[in-house]
Amino acid sequence: MTESVRSVAMDVDLSALCHNLAVVRELSQDREVIASIKANAYGFGAVGVSRALVDAGVRKLWTGNIDEAIALRDAGIDAEILLFGGIEPQQVADVLRHDFQPTIFDEVGLDMLAAAGVAAGRRVPVWVKIDAGLGRFGVALGGAADFVEQVARRDGIDLRGVYSHLPFGSADGADWARERSAHFNAVIDELGARGVAIPMTQLWGSSGVLAGLADASSAVCVGHALFGLSPLEAGVGVHSELRPLIRSLSAPILQVGGSGIEGGGYGAGGNGLAATLGIGLADGIAKAKHGQAEVIIGGRRVPVRGFTLEYLMVDASDAASAEPFDAALIIGTAGDASVTLDDWAAWTGVSPLEVMMALSDRMPVRYVDG
Ligand SMILES: *Cc1c(COP(=O)(O)O)cnc(C)c1O
């Protein structure tokens with residue numbers, strides 16, 4: 001996000017991030033916790049979040065986007081950076097330059113990186129992804145042991161680990177993941193029997209960790225849980241202990257009064273006191289589809305009557321002391337009034353993470369601690 005002289009901002013609570021990291025560490029026992037910081041750290045800002053995680057002792061960061069990975073290096077973050085997805089040929093030079101650890105899952109990727117490693121007189125650190133059933137990136141289970149063995153013995157390549165991904169949300173999903181995990185573990189066992197050394201294995205993300213599934217691997221790779229977002233439906237696993245990261249999302253009141261409510265066609269009815277806020281659809285706020293969205297002004301929840309590209313129109317009748325340039329809380333707590341990310345997800349009919357994706361990089365993020 002470029003510099004802003006508007007007062008729209010999101011305050012992100014790093015103490016909540018550290019709390020959630022501690023919850024994940026506790027649940028994953030002596031396994032290494034790798035942080036998934038893909039998608040701009042789930043919208044909370046890849047650089048700021050990564051700095052805090054590294055300060056808290058996280059040594060490995062994973063992202064799917066090499067541009068984001070380069071931005072972390074440019075910001076001086078020297079943790080290990082692993083890349084989830086496939087590498088395109090023109091990215092190989094950056095992989096070597098920034099010492100990234102890409103994922104490979106087929107001979108195309110293996111040949112490309114091995115050739116680059118040999119040419120540079122180095123061994124490129126790589127991870128092999130196995131598709132244990134999700135149907136996304138990965139070498140198929142059937143050929144996985146042979147492929148990993150080939151990678152482990154290949155010149156120019158340094159095999160750092162083998163992983164897979166089995167995300168789920170429901171109790172049925174947990175059964176599916178448990179069943180699929182046995183196939184992943186069988187490949188690892190087979191490699192052990194063949195004498196192939198694998199420095200690290202990783203299977204569970206937030207779902208598996210929060211659901212407390214048995215884990216034969218030496219690491220977990222967690223995103224959702226660190227950001228206070230549980231992928232699990234209510235009743236599956238533990239999530240109440242996670243803390244939300246957004247302390248507040250605030251925007252200025254730009255006008256109080258005017259004819260916005262009576263004459264603006266936003267359907268408020270009555271003689272409500274209108275206020276216009278300097279935040280809108282262009283900032284990633286979505287129009288409420290389900291029920292009535294509310295924001296907080298002067299410690300009271302007040303209804304949003306209109307969503308436009310750059311402004312929200314609210315009925316401030318219950319916040320009669322509102323004045324221009326006061327801050328309205330789009331998300332946050334003031335006194336007894338509170339509006340959460342989950343509220344916006346419910347009002348707009350998407351998941352909390354999708355609300356974050358819409359807001360991501362649209363406004364300054366300020367990190368607060370404690
Ligand atoms: C995103 C991702 C993770 C982290 O998943 P969460 O559910 O956010 O914890 C782990 N592994 C892979 C391959 C991923 O793409």
# chains A, B, ... in the order shown; residues from 1 in each chain; ligands from 1
>>> closest_atom_pairs(of="range 167-273 of chain A", to="range 304-325 of chain A", cutoff="6 Å", atoms="only C-alpha atoms", output="CSV")
residue,atom,partner,partner_atom,distance
A:Pro252,CA,A:Phe325,CA,5.3
A:Ile253,CA,A:Phe325,CA,5.0
A:Leu254,CA,A:Pro324,CA,5.2
A:Gln255,CA,A:Pro324,CA,5.4
A:Tyr266,CA,A:Gly306,CA,5.6
A:Gly272,CA,A:Ser317,CA,5.3
A:Leu273,CA,A:Ser317,CA,4.7
>>> residues_near_ligand(ligand="ligand 1", cutoff="9 Å", atoms="only C-alpha atoms and all ligand atoms", output="MDAnalysis selection string")
chainID A and resid 34:39 42 62:64 84:85 129 136:137 163:168 202:209 220:227 229:231
>>> select_by_dssp(residues="range 126-335 of chain A", states="alpha helix (DSSP H)", output="PDB file with all heavy atoms, in the first residue's frame")
ATOM      1  N   LEU A 141       0.452 -40.132  -5.408  1.00  0.00           N
ATOM      2  CA  LEU A 141       0.918 -41.066  -4.374  1.00  0.00           C
ATOM      3  C   LEU A 141       1.664 -42.259  -4.970  1.00  0.00           C
ATOM      4  O   LEU A 141       2.712 -42.653  -4.453  1.00  0.00           O
ATOM      5  CB  LEU A 141      -0.284 -41.575  -3.564  1.00  0.00           C
ATOM      6  CG  LEU A 141      -0.807 -40.625  -2.487  1.00  0.00           C
ATOM      7  CD1 LEU A 141      -2.195 -41.057  -2.022  1.00  0.00           C
ATOM      8  CD2 LEU A 141       0.179 -40.587  -1.313  1.00  0.00           C
ATOM      9  N   GLY A 142       1.128 -42.799  -6.065  1.00  0.00           N
ATOM     10  CA  GLY A 142       1.701 -44.009  -6.647  1.00  0.00           C
ATOM     11  C   GLY A 142       3.169 -43.869  -7.014  1.00  0.00           C
ATOM     12  O   GLY A 142       3.969 -44.776  -6.769  1.00  0.00           O
ATOM     13  N   GLY A 143       3.538 -42.731  -7.583  1.00  0.00           N
ATOM     14  CA  GLY A 143       4.920 -42.556  -8.015  1.00  0.00           C
ATOM     15  C   GLY A 143       5.756 -41.753  -7.036  1.00  0.00           C
ATOM     16  O   GLY A 143       6.908 -41.390  -7.335  1.00  0.00           O
ATOM     17  N   ALA A 144       5.195 -41.458  -5.856  1.00  0.00           N
ATOM     18  CA  ALA A 144       5.842 -40.483  -4.975  1.00  0.00           C
ATOM     19  C   ALA A 144       7.175 -40.971  -4.419  1.00  0.00           C
ATOM     20  O   ALA A 144       8.166 -40.229  -4.421  1.00  0.00           O
ATOM     21  CB  ALA A 144       4.894 -40.099  -3.837  1.00  0.00           C
ATOM     22  N   ALA A 145       7.225 -42.213  -3.955  1.00  0.00           N
ATOM     23  CA  ALA A 145       8.468 -42.693  -3.338  1.00  0.00           C
ATOM     24  C   ALA A 145       9.604 -42.695  -4.373  1.00  0.00           C
ATOM     25  O   ALA A 145      10.721 -42.253  -4.081  1.00  0.00           O
ATOM     26  CB  ALA A 145       8.262 -44.086  -2.742  1.00  0.00           C
ATOM     27  N   ASP A 146       9.300 -43.141  -5.583  1.00  0.00           N
ATOM     28  CA  ASP A 146      10.341 -43.163  -6.628  1.00  0.00           C
ATOM     29  C   ASP A 146      10.816 -41.743  -6.944  1.00  0.00           C
ATOM     30  O   ASP A 146      12.011 -41.490  -7.100  1.00  0.00           O
ATOM     31  CB  ASP A 146       9.801 -43.798  -7.921  1.00  0.00           C
ATOM     32  CG  ASP A 146       9.631 -45.304  -7.780  1.00  0.00           C
ATOM     33  OD1 ASP A 146      10.166 -45.878  -6.797  1.00  0.00           O
ATOM     34  OD2 ASP A 146       8.952 -45.898  -8.646  1.00  0.00           O
ATOM     35  N   PHE A 147       9.859 -40.813  -7.029  1.00  0.00           N
ATOM     36  CA  PHE A 147      10.230 -39.439  -7.379  1.00  0.00           C
ATOM     37  C   PHE A 147      11.089 -38.818  -6.276  1.00  0.00           C
ATOM     38  O   PHE A 147      12.130 -38.207  -6.553  1.00  0.00           O
ATOM     39  CB  PHE A 147       8.973 -38.599  -7.633  1.00  0.00           C
ATOM     40  CG  PHE A 147       9.276 -37.189  -8.056  1.00  0.00           C
ATOM     41  CD1 PHE A 147       9.870 -36.929  -9.291  1.00  0.00           C
ATOM     42  CD2 PHE A 147       9.003 -36.114  -7.225  1.00  0.00           C
ATOM     43  CE1 PHE A 147      10.170 -35.621  -9.689  1.00  0.00           C
ATOM     44  CE2 PHE A 147       9.295 -34.811  -7.610  1.00  0.00           C
ATOM     45  CZ  PHE A 147       9.885 -34.563  -8.845  1.00  0.00           C
ATOM     46  N   VAL A 148      10.682 -38.984  -5.027  1.00  0.00           N
ATOM     47  CA  VAL A 148      11.459 -38.400  -3.926  1.00  0.00           C
ATOM     48  C   VAL A 148      12.870 -39.000  -3.908  1.00  0.00           C
ATOM     49  O   VAL A 148      13.862 -38.278  -3.719  1.00  0.00           O
ATOM     50  CB  VAL A 148      10.757 -38.634  -2.563  1.00  0.00           C
ATOM     51  CG1 VAL A 148      11.647 -38.150  -1.419  1.00  0.00           C
ATOM     52  CG2 VAL A 148       9.413 -37.909  -2.519  1.00  0.00           C
ATOM     53  N   GLU A 149      12.963 -40.290  -4.157  1.00  0.00           N
ATOM     54  CA  GLU A 149      14.285 -40.929  -4.161  1.00  0.00           C
ATOM     55  C   GLU A 149      15.172 -40.329  -5.259  1.00  0.00           C
ATOM     56  O   GLU A 149      16.349 -40.022  -5.035  1.00  0.00           O
ATOM     57  CB  GLU A 149      14.128 -42.449  -4.367  1.00  0.00           C
ATOM     58  CG  GLU A 149      15.454 -43.179  -4.248  1.00  0.00           C
ATOM     59  CD  GLU A 149      15.318 -44.696  -4.153  1.00  0.00           C
ATOM     60  OE1 GLU A 149      14.176 -45.210  -4.179  1.00  0.00           O
ATOM     61  OE2 GLU A 149      16.368 -45.353  -4.052  1.00  0.00           O
ATOM     62  N   GLN A 150      14.558 -40.107  -6.405  1.00  0.00           N
ATOM     63  CA  GLN A 150      15.284 -39.498  -7.531  1.00  0.00           C
ATOM     64  C   GLN A 150      15.753 -38.081  -7.161  1.00  0.00           C
ATOM     65  O   GLN A 150      16.899 -37.705  -7.446  1.00  0.00           O
ATOM     66  CB  GLN A 150      14.301 -39.441  -8.712  1.00  0.00           C
ATOM     67  CG  GLN A 150      14.886 -39.101 -10.044  1.00  0.00           C
ATOM     68  CD  GLN A 150      13.754 -38.894 -11.084  1.00  0.00           C
ATOM     69  OE1 GLN A 150      12.621 -39.356 -10.899  1.00  0.00           O
ATOM     70  NE2 GLN A 150      14.079 -38.197 -12.147  1.00  0.00           N
ATOM     71  N   VAL A 151      14.887 -37.326  -6.523  1.00  0.00           N
ATOM     72  CA  VAL A 151      15.231 -35.955  -6.114  1.00  0.00           C
ATOM     73  C   VAL A 151      16.383 -35.988  -5.108  1.00  0.00           C
ATOM     74  O   VAL A 151      17.346 -35.215  -5.202  1.00  0.00           O
ATOM     75  CB  VAL A 151      14.006 -35.243  -5.496  1.00  0.00           C
ATOM     76  CG1 VAL A 151      14.398 -33.881  -4.901  1.00  0.00           C
ATOM     77  CG2 VAL A 151      12.903 -35.072  -6.531  1.00  0.00           C
ATOM     78  N   ALA A 152      16.288 -36.913  -4.156  1.00  0.00           N
ATOM     79  CA  ALA A 152      17.302 -36.982  -3.090  1.00  0.00           C
ATOM     80  C   ALA A 152      18.677 -37.288  -3.653  1.00  0.00           C
ATOM     81  O   ALA A 152      19.690 -36.890  -3.082  1.00  0.00           O
ATOM     82  CB  ALA A 152      16.892 -38.042  -2.066  1.00  0.00           C
ATOM     83  N   ALA A 171     -16.505 -32.363  10.295  1.00  0.00           N
ATOM     84  CA  ALA A 171     -16.153 -33.641  10.922  1.00  0.00           C
ATOM     85  C   ALA A 171     -15.921 -34.709   9.846  1.00  0.00           C
ATOM     86  O   ALA A 171     -14.995 -35.511   9.942  1.00  0.00           O
ATOM     87  CB  ALA A 171     -17.243 -34.073  11.894  1.00  0.00           C
ATOM     88  N   ASP A 172     -16.735 -34.694   8.795  1.00  0.00           N
ATOM     89  CA  ASP A 172     -16.518 -35.644   7.690  1.00  0.00           C
ATOM     90  C   ASP A 172     -15.171 -35.384   7.023  1.00  0.00           C
ATOM     91  O   ASP A 172     -14.458 -36.319   6.642  1.00  0.00           O
ATOM     92  CB  ASP A 172     -17.612 -35.487   6.616  1.00  0.00           C
ATOM     93  CG  ASP A 172     -18.933 -36.085   7.056  1.00  0.00           C
ATOM     94  OD1 ASP A 172     -18.953 -36.757   8.113  1.00  0.00           O
ATOM     95  OD2 ASP A 172     -19.938 -35.865   6.351  1.00  0.00           O
ATOM     96  N   GLY A 173     -14.859 -34.103   6.885  1.00  0.00           N
ATOM     97  CA  GLY A 173     -13.575 -33.735   6.299  1.00  0.00           C
ATOM     98  C   GLY A 173     -12.417 -34.251   7.141  1.00  0.00           C
ATOM     99  O   GLY A 173     -11.387 -34.676   6.601  1.00  0.00           O
ATOM    100  N   ALA A 174     -12.585 -34.222   8.446  1.00  0.00           N
ATOM    101  CA  ALA A 174     -11.534 -34.726   9.330  1.00  0.00           C
ATOM    102  C   ALA A 174     -11.335 -36.225   9.108  1.00  0.00           C
ATOM    103  O   ALA A 174     -10.194 -36.712   9.089  1.00  0.00           O
ATOM    104  CB  ALA A 174     -11.883 -34.436  10.791  1.00  0.00           C
ATOM    105  N   ASP A 175     -12.437 -36.945   8.902  1.00  0.00           N
ATOM    106  CA  ASP A 175     -12.322 -38.393   8.626  1.00  0.00           C
ATOM    107  C   ASP A 175     -11.562 -38.626   7.317  1.00  0.00           C
ATOM    108  O   ASP A 175     -10.703 -39.499   7.223  1.00  0.00           O
ATOM    109  CB  ASP A 175     -13.716 -39.036   8.521  1.00  0.00           C
ATOM    110  CG  ASP A 175     -14.412 -39.081   9.875  1.00  0.00           C
ATOM    111  OD1 ASP A 175     -13.713 -38.963  10.910  1.00  0.00           O
ATOM    112  OD2 ASP A 175     -15.651 -39.213   9.893  1.00  0.00           O
ATOM    113  N   TRP A 176     -11.923 -37.826   6.324  1.00  0.00           N
ATOM    114  CA  TRP A 176     -11.242 -37.917   5.014  1.00  0.00           C
ATOM    115  C   TRP A 176      -9.745 -37.647   5.174  1.00  0.00           C
ATOM    116  O   TRP A 176      -8.903 -38.402   4.682  1.00  0.00           O
ATOM    117  CB  TRP A 176     -11.878 -36.905   4.052  1.00  0.00           C
ATOM    118  CG  TRP A 176     -11.103 -36.652   2.791  1.00  0.00           C
ATOM    119  CD1 TRP A 176     -11.099 -37.420   1.664  1.00  0.00           C
ATOM    120  CD2 TRP A 176     -10.209 -35.549   2.540  1.00  0.00           C
ATOM    121  NE1 TRP A 176     -10.256 -36.862   0.729  1.00  0.00           N
ATOM    122  CE2 TRP A 176      -9.700 -35.720   1.234  1.00  0.00           C
ATOM    123  CE3 TRP A 176      -9.801 -34.446   3.289  1.00  0.00           C
ATOM    124  CZ2 TRP A 176      -8.797 -34.825   0.662  1.00  0.00           C
ATOM    125  CZ3 TRP A 176      -8.902 -33.550   2.714  1.00  0.00           C
ATOM    126  CH2 TRP A 176      -8.409 -33.749   1.413  1.00  0.00           C
ATOM    127  N   ALA A 177      -9.411 -36.574   5.893  1.00  0.00           N
ATOM    128  CA  ALA A 177      -7.997 -36.200   6.035  1.00  0.00           C
ATOM    129  C   ALA A 177      -7.227 -37.277   6.804  1.00  0.00           C
ATOM    130  O   ALA A 177      -6.076 -37.594   6.464  1.00  0.00           O
ATOM    131  CB  ALA A 177      -7.884 -34.851   6.751  1.00  0.00           C
ATOM    132  N   ARG A 178      -7.864 -37.831   7.824  1.00  0.00           N
ATOM    133  CA  ARG A 178      -7.210 -38.884   8.612  1.00  0.00           C
ATOM    134  C   ARG A 178      -6.896 -40.086   7.720  1.00  0.00           C
ATOM    135  O   ARG A 178      -5.805 -40.640   7.755  1.00  0.00           O
ATOM    136  CB  ARG A 178      -8.145 -39.297   9.757  1.00  0.00           C
ATOM    137  CG  ARG A 178      -7.436 -39.912  10.927  1.00  0.00           C
ATOM    138  CD  ARG A 178      -8.403 -40.326  12.027  1.00  0.00           C
ATOM    139  NE  ARG A 178      -8.867 -39.247  12.868  1.00  0.00           N
ATOM    140  CZ  ARG A 178     -10.117 -38.769  12.889  1.00  0.00           C
ATOM    141  NH1 ARG A 178     -11.049 -39.267  12.101  1.00  0.00           N
ATOM    142  NH2 ARG A 178     -10.442 -37.794  13.703  1.00  0.00           N
ATOM    143  N   GLU A 179      -7.869 -40.427   6.882  1.00  0.00           N
ATOM    144  CA  GLU A 179      -7.687 -41.584   5.982  1.00  0.00           C
ATOM    145  C   GLU A 179      -6.580 -41.277   4.960  1.00  0.00           C
ATOM    146  O   GLU A 179      -5.696 -42.097   4.720  1.00  0.00           O
ATOM    147  CB  GLU A 179      -9.023 -41.883   5.282  1.00  0.00           C
ATOM    148  CG  GLU A 179      -9.069 -43.183   4.493  1.00  0.00           C
ATOM    149  CD  GLU A 179      -8.630 -43.018   3.038  1.00  0.00           C
ATOM    150  OE1 GLU A 179      -8.937 -41.962   2.437  1.00  0.00           O
ATOM    151  OE2 GLU A 179      -7.966 -43.931   2.515  1.00  0.00           O
ATOM    152  N   ARG A 180      -6.607 -40.063   4.381  1.00  0.00           N
ATOM    153  CA  ARG A 180      -5.581 -39.719   3.382  1.00  0.00           C
ATOM    154  C   ARG A 180      -4.194 -39.620   4.005  1.00  0.00           C
ATOM    155  O   ARG A 180      -3.186 -39.900   3.359  1.00  0.00           O
ATOM    156  CB  ARG A 180      -5.910 -38.392   2.688  1.00  0.00           C
ATOM    157  CG  ARG A 180      -7.213 -38.304   1.932  1.00  0.00           C
ATOM    158  CD  ARG A 180      -7.518 -39.509   1.094  1.00  0.00           C
ATOM    159  NE  ARG A 180      -6.497 -39.794   0.108  1.00  0.00           N
ATOM    160  CZ  ARG A 180      -6.464 -40.877  -0.663  1.00  0.00           C
ATOM    161  NH1 ARG A 180      -7.410 -41.791  -0.565  1.00  0.00           N
ATOM    162  NH2 ARG A 180      -5.492 -41.073  -1.526  1.00  0.00           N
ATOM    163  N   SER A 181      -4.130 -39.206   5.257  1.00  0.00           N
ATOM    164  CA  SER A 181      -2.821 -39.038   5.904  1.00  0.00           C
ATOM    165  C   SER A 181      -2.078 -40.365   5.978  1.00  0.00           C
ATOM    166  O   SER A 181      -0.841 -40.399   5.913  1.00  0.00           O
ATOM    167  CB  SER A 181      -2.970 -38.424   7.304  1.00  0.00           C
ATOM    168  OG  SER A 181      -3.557 -39.343   8.205  1.00  0.00           O
ATOM    169  N   ALA A 182      -2.831 -41.460   6.081  1.00  0.00           N
ATOM    170  CA  ALA A 182      -2.177 -42.776   6.160  1.00  0.00           C
ATOM    171  C   ALA A 182      -1.396 -43.054   4.876  1.00  0.00           C
ATOM    172  O   ALA A 182      -0.320 -43.662   4.912  1.00  0.00           O
ATOM    173  CB  ALA A 182      -3.226 -43.862   6.402  1.00  0.00           C
ATOM    174  N   HIS A 183      -1.929 -42.576   3.736  1.00  0.00           N
ATOM    175  CA  HIS A 183      -1.229 -42.796   2.463  1.00  0.00           C
ATOM    176  C   HIS A 183       0.070 -41.990   2.408  1.00  0.00           C
ATOM    177  O   HIS A 183       1.093 -42.463   1.926  1.00  0.00           O
ATOM    178  CB  HIS A 183      -2.143 -42.424   1.290  1.00  0.00           C
ATOM    179  CG  HIS A 183      -3.374 -43.263   1.219  1.00  0.00           C
ATOM    180  ND1 HIS A 183      -3.418 -44.484   0.592  1.00  0.00           N
ATOM    181  CD2 HIS A 183      -4.618 -43.071   1.738  1.00  0.00           C
ATOM    182  CE1 HIS A 183      -4.634 -45.005   0.711  1.00  0.00           C
ATOM    183  NE2 HIS A 183      -5.376 -44.162   1.405  1.00  0.00           N
ATOM    184  N   PHE A 184      -0.011 -40.754   2.896  1.00  0.00           N
ATOM    185  CA  PHE A 184       1.207 -39.919   2.950  1.00  0.00           C
ATOM    186  C   PHE A 184       2.245 -40.581   3.860  1.00  0.00           C
ATOM    187  O   PHE A 184       3.411 -40.741   3.481  1.00  0.00           O
ATOM    188  CB  PHE A 184       0.847 -38.527   3.476  1.00  0.00           C
ATOM    189  CG  PHE A 184       2.022 -37.612   3.660  1.00  0.00           C
ATOM    190  CD1 PHE A 184       2.578 -36.942   2.577  1.00  0.00           C
ATOM    191  CD2 PHE A 184       2.583 -37.409   4.920  1.00  0.00           C
ATOM    192  CE1 PHE A 184       3.664 -36.085   2.743  1.00  0.00           C
ATOM    193  CE2 PHE A 184       3.672 -36.561   5.092  1.00  0.00           C
ATOM    194  CZ  PHE A 184       4.210 -35.895   3.994  1.00  0.00           C
ATOM    195  N   ASN A 185       1.806 -41.002   5.035  1.00  0.00           N
ATOM    196  CA  ASN A 185       2.745 -41.614   5.980  1.00  0.00           C
ATOM    197  C   ASN A 185       3.359 -42.888   5.402  1.00  0.00           C
ATOM    198  O   ASN A 185       4.533 -43.187   5.658  1.00  0.00           O
ATOM    199  CB  ASN A 185       2.036 -41.913   7.306  1.00  0.00           C
ATOM    200  CG  ASN A 185       1.626 -40.627   8.020  1.00  0.00           C
ATOM    201  OD1 ASN A 185       2.200 -39.570   7.776  1.00  0.00           O
ATOM    202  ND2 ASN A 185       0.627 -40.729   8.897  1.00  0.00           N
ATOM    203  N   ALA A 186       2.570 -43.622   4.601  1.00  0.00           N
ATOM    204  CA  ALA A 186       3.083 -44.862   4.020  1.00  0.00           C
ATOM    205  C   ALA A 186       4.224 -44.568   3.041  1.00  0.00           C
ATOM    206  O   ALA A 186       5.211 -45.327   2.972  1.00  0.00           O
ATOM    207  CB  ALA A 186       1.952 -45.622   3.314  1.00  0.00           C
ATOM    208  N   VAL A 187       4.105 -43.468   2.299  1.00  0.00           N
ATOM    209  CA  VAL A 187       5.188 -43.091   1.369  1.00  0.00           C
ATOM    210  C   VAL A 187       6.452 -42.760   2.166  1.00  0.00           C
ATOM    211  O   VAL A 187       7.564 -43.184   1.806  1.00  0.00           O
ATOM    212  CB  VAL A 187       4.770 -41.893   0.489  1.00  0.00           C
ATOM    213  CG1 VAL A 187       5.952 -41.378  -0.326  1.00  0.00           C
ATOM    214  CG2 VAL A 187       3.601 -42.267  -0.419  1.00  0.00           C
ATOM    215  N   ILE A 188       6.285 -42.015   3.260  1.00  0.00           N
ATOM    216  CA  ILE A 188       7.445 -41.647   4.080  1.00  0.00           C
ATOM    217  C   ILE A 188       8.093 -42.906   4.667  1.00  0.00           C
ATOM    218  O   ILE A 188       9.325 -43.046   4.676  1.00  0.00           O
ATOM    219  CB  ILE A 188       7.031 -40.666   5.204  1.00  0.00           C
ATOM    220  CG1 ILE A 188       6.351 -39.407   4.616  1.00  0.00           C
ATOM    221  CG2 ILE A 188       8.233 -40.283   6.070  1.00  0.00           C
ATOM    222  CD1 ILE A 188       7.193 -38.596   3.659  1.00  0.00           C
ATOM    223  N   ASP A 189       7.264 -43.830   5.126  1.00  0.00           N
ATOM    224  CA  ASP A 189       7.797 -45.093   5.672  1.00  0.00           C
ATOM    225  C   ASP A 189       8.555 -45.871   4.603  1.00  0.00           C
ATOM    226  O   ASP A 189       9.623 -46.433   4.858  1.00  0.00           O
ATOM    227  CB  ASP A 189       6.652 -45.952   6.228  1.00  0.00           C
ATOM    228  CG  ASP A 189       6.051 -45.356   7.494  1.00  0.00           C
ATOM    229  OD1 ASP A 189       6.661 -44.425   8.058  1.00  0.00           O
ATOM    230  OD2 ASP A 189       4.955 -45.802   7.904  1.00  0.00           O
ATOM    231  N   GLU A 190       7.985 -45.913   3.407  1.00  0.00           N
ATOM    232  CA  GLU A 190       8.631 -46.618   2.293  1.00  0.00           C
ATOM    233  C   GLU A 190      10.011 -46.012   2.001  1.00  0.00           C
ATOM    234  O   GLU A 190      10.990 -46.733   1.797  1.00  0.00           O
ATOM    235  CB  GLU A 190       7.709 -46.537   1.057  1.00  0.00           C
ATOM    236  CG  GLU A 190       8.336 -46.857  -0.283  1.00  0.00           C
ATOM    237  CD  GLU A 190       8.689 -48.328  -0.462  1.00  0.00           C
ATOM    238  OE1 GLU A 190       8.140 -49.166   0.277  1.00  0.00           O
ATOM    239  OE2 GLU A 190       9.554 -48.624  -1.334  1.00  0.00           O
ATOM    240  N   LEU A 191      10.083 -44.684   2.030  1.00  0.00           N
ATOM    241  CA  LEU A 191      11.367 -44.019   1.778  1.00  0.00           C
ATOM    242  C   LEU A 191      12.361 -44.340   2.886  1.00  0.00           C
ATOM    243  O   LEU A 191      13.551 -44.563   2.611  1.00  0.00           O
ATOM    244  CB  LEU A 191      11.155 -42.506   1.649  1.00  0.00           C
ATOM    245  CG  LEU A 191      10.508 -42.106   0.316  1.00  0.00           C
ATOM    246  CD1 LEU A 191       9.855 -40.734   0.412  1.00  0.00           C
ATOM    247  CD2 LEU A 191      11.551 -42.133  -0.807  1.00  0.00           C
ATOM    248  N   GLY A 192      11.864 -44.404   4.112  1.00  0.00           N
ATOM    249  CA  GLY A 192      12.737 -44.791   5.221  1.00  0.00           C
ATOM    250  C   GLY A 192      13.296 -46.189   5.003  1.00  0.00           C
ATOM    251  O   GLY A 192      14.497 -46.435   5.194  1.00  0.00           O
ATOM    252  N   ALA A 193      12.426 -47.102   4.552  1.00  0.00           N
ATOM    253  CA  ALA A 193      12.855 -48.488   4.322  1.00  0.00           C
ATOM    254  C   ALA A 193      13.903 -48.553   3.211  1.00  0.00           C
ATOM    255  O   ALA A 193      14.773 -49.415   3.222  1.00  0.00           O
ATOM    256  CB  ALA A 193      11.635 -49.348   3.966  1.00  0.00           C
ATOM    257  N   SER A 206      -3.692 -25.705   9.556  1.00  0.00           N
ATOM    258  CA  SER A 206      -4.548 -25.333  10.689  1.00  0.00           C
ATOM    259  C   SER A 206      -5.606 -26.389  10.998  1.00  0.00           C
ATOM    260  O   SER A 206      -5.862 -26.693  12.168  1.00  0.00           O
ATOM    261  CB  SER A 206      -5.259 -24.012  10.392  1.00  0.00           C
ATOM    262  OG  SER A 206      -4.325 -22.979  10.234  1.00  0.00           O
ATOM    263  N   SER A 207      -6.240 -26.960   9.959  1.00  0.00           N
ATOM    264  CA  SER A 207      -7.324 -27.912  10.210  1.00  0.00           C
ATOM    265  C   SER A 207      -6.846 -29.076  11.057  1.00  0.00           C
ATOM    266  O   SER A 207      -7.436 -29.403  12.086  1.00  0.00           O
ATOM    267  CB  SER A 207      -7.886 -28.479   8.898  1.00  0.00           C
ATOM    268  OG  SER A 207      -8.133 -27.493   7.964  1.00  0.00           O
ATOM    269  N   GLY A 208      -5.762 -29.712  10.594  1.00  0.00           N
ATOM    270  CA  GLY A 208      -5.274 -30.892  11.300  1.00  0.00           C
ATOM    271  C   GLY A 208      -4.792 -30.570  12.699  1.00  0.00           C
ATOM    272  O   GLY A 208      -5.020 -31.335  13.647  1.00  0.00           O
ATOM    273  N   VAL A 209      -4.119 -29.411  12.844  1.00  0.00           N
ATOM    274  CA  VAL A 209      -3.599 -29.022  14.159  1.00  0.00           C
ATOM    275  C   VAL A 209      -4.748 -28.718  15.117  1.00  0.00           C
ATOM    276  O   VAL A 209      -4.797 -29.229  16.241  1.00  0.00           O
ATOM    277  CB  VAL A 209      -2.663 -27.796  14.038  1.00  0.00           C
ATOM    278  CG1 VAL A 209      -2.314 -27.236  15.408  1.00  0.00           C
ATOM    279  CG2 VAL A 209      -1.395 -28.175  13.267  1.00  0.00           C
ATOM    280  N   LEU A 210      -5.716 -27.907  14.657  1.00  0.00           N
ATOM    281  CA  LEU A 210      -6.815 -27.508  15.545  1.00  0.00           C
ATOM    282  C   LEU A 210      -7.744 -28.680  15.851  1.00  0.00           C
ATOM    283  O   LEU A 210      -8.384 -28.718  16.901  1.00  0.00           O
ATOM    284  CB  LEU A 210      -7.617 -26.353  14.932  1.00  0.00           C
ATOM    285  CG  LEU A 210      -6.862 -25.031  14.774  1.00  0.00           C
ATOM    286  CD1 LEU A 210      -7.723 -24.010  14.038  1.00  0.00           C
ATOM    287  CD2 LEU A 210      -6.422 -24.468  16.121  1.00  0.00           C
TER     288      LEU A 210
END
>>> closest_residue(among="A:Val5, A:Ile297, A:Ala275, A:Leu53", to="His19 in chain A", atoms="only C-alpha atoms")
A:Leu53
>>> residues_around(residues="Val128 in chain A", least_positions_apart="4", cutoff="6 Å", atoms="only C-alpha atoms", output="CSV table (one decimal) with N, CA and C atoms, in the first residue's frame")
chain,number,residue,atom,x,y,z
A,103,THR,N,9.1,-25.6,-4.4
A,103,THR,CA,8.5,-26.9,-4.4
A,103,THR,C,8.6,-27.6,-5.7
A,104,ILE,N,8.9,-28.8,-5.8
A,104,ILE,CA,8.9,-29.6,-7.0
A,104,ILE,C,7.9,-30.8,-6.9
A,105,PHE,N,7.3,-31.1,-8.0
A,105,PHE,CA,6.4,-32.2,-8.0
A,105,PHE,C,6.4,-33.0,-9.3
A,162,VAL,N,9.6,-33.2,2.6
A,162,VAL,CA,8.5,-33.7,1.8
A,162,VAL,C,7.2,-33.3,2.5
>>> residues_around(residues="Asp361 in chain A", least_positions_apart="5", cutoff="10 Å", atoms="only C-alpha atoms", output="list in words")
Met1, Thr2, Asn40, Gly43, Phe44, Gly45, Ala46, Asp283, Gly284 and Met356 of chain A
>>> closest_residue(among="A:Pro352, A:Arg301, A:Tyr367, A:Ala119", to="Gly335 in chain A", atoms="only C-alpha atoms")
A:Arg301
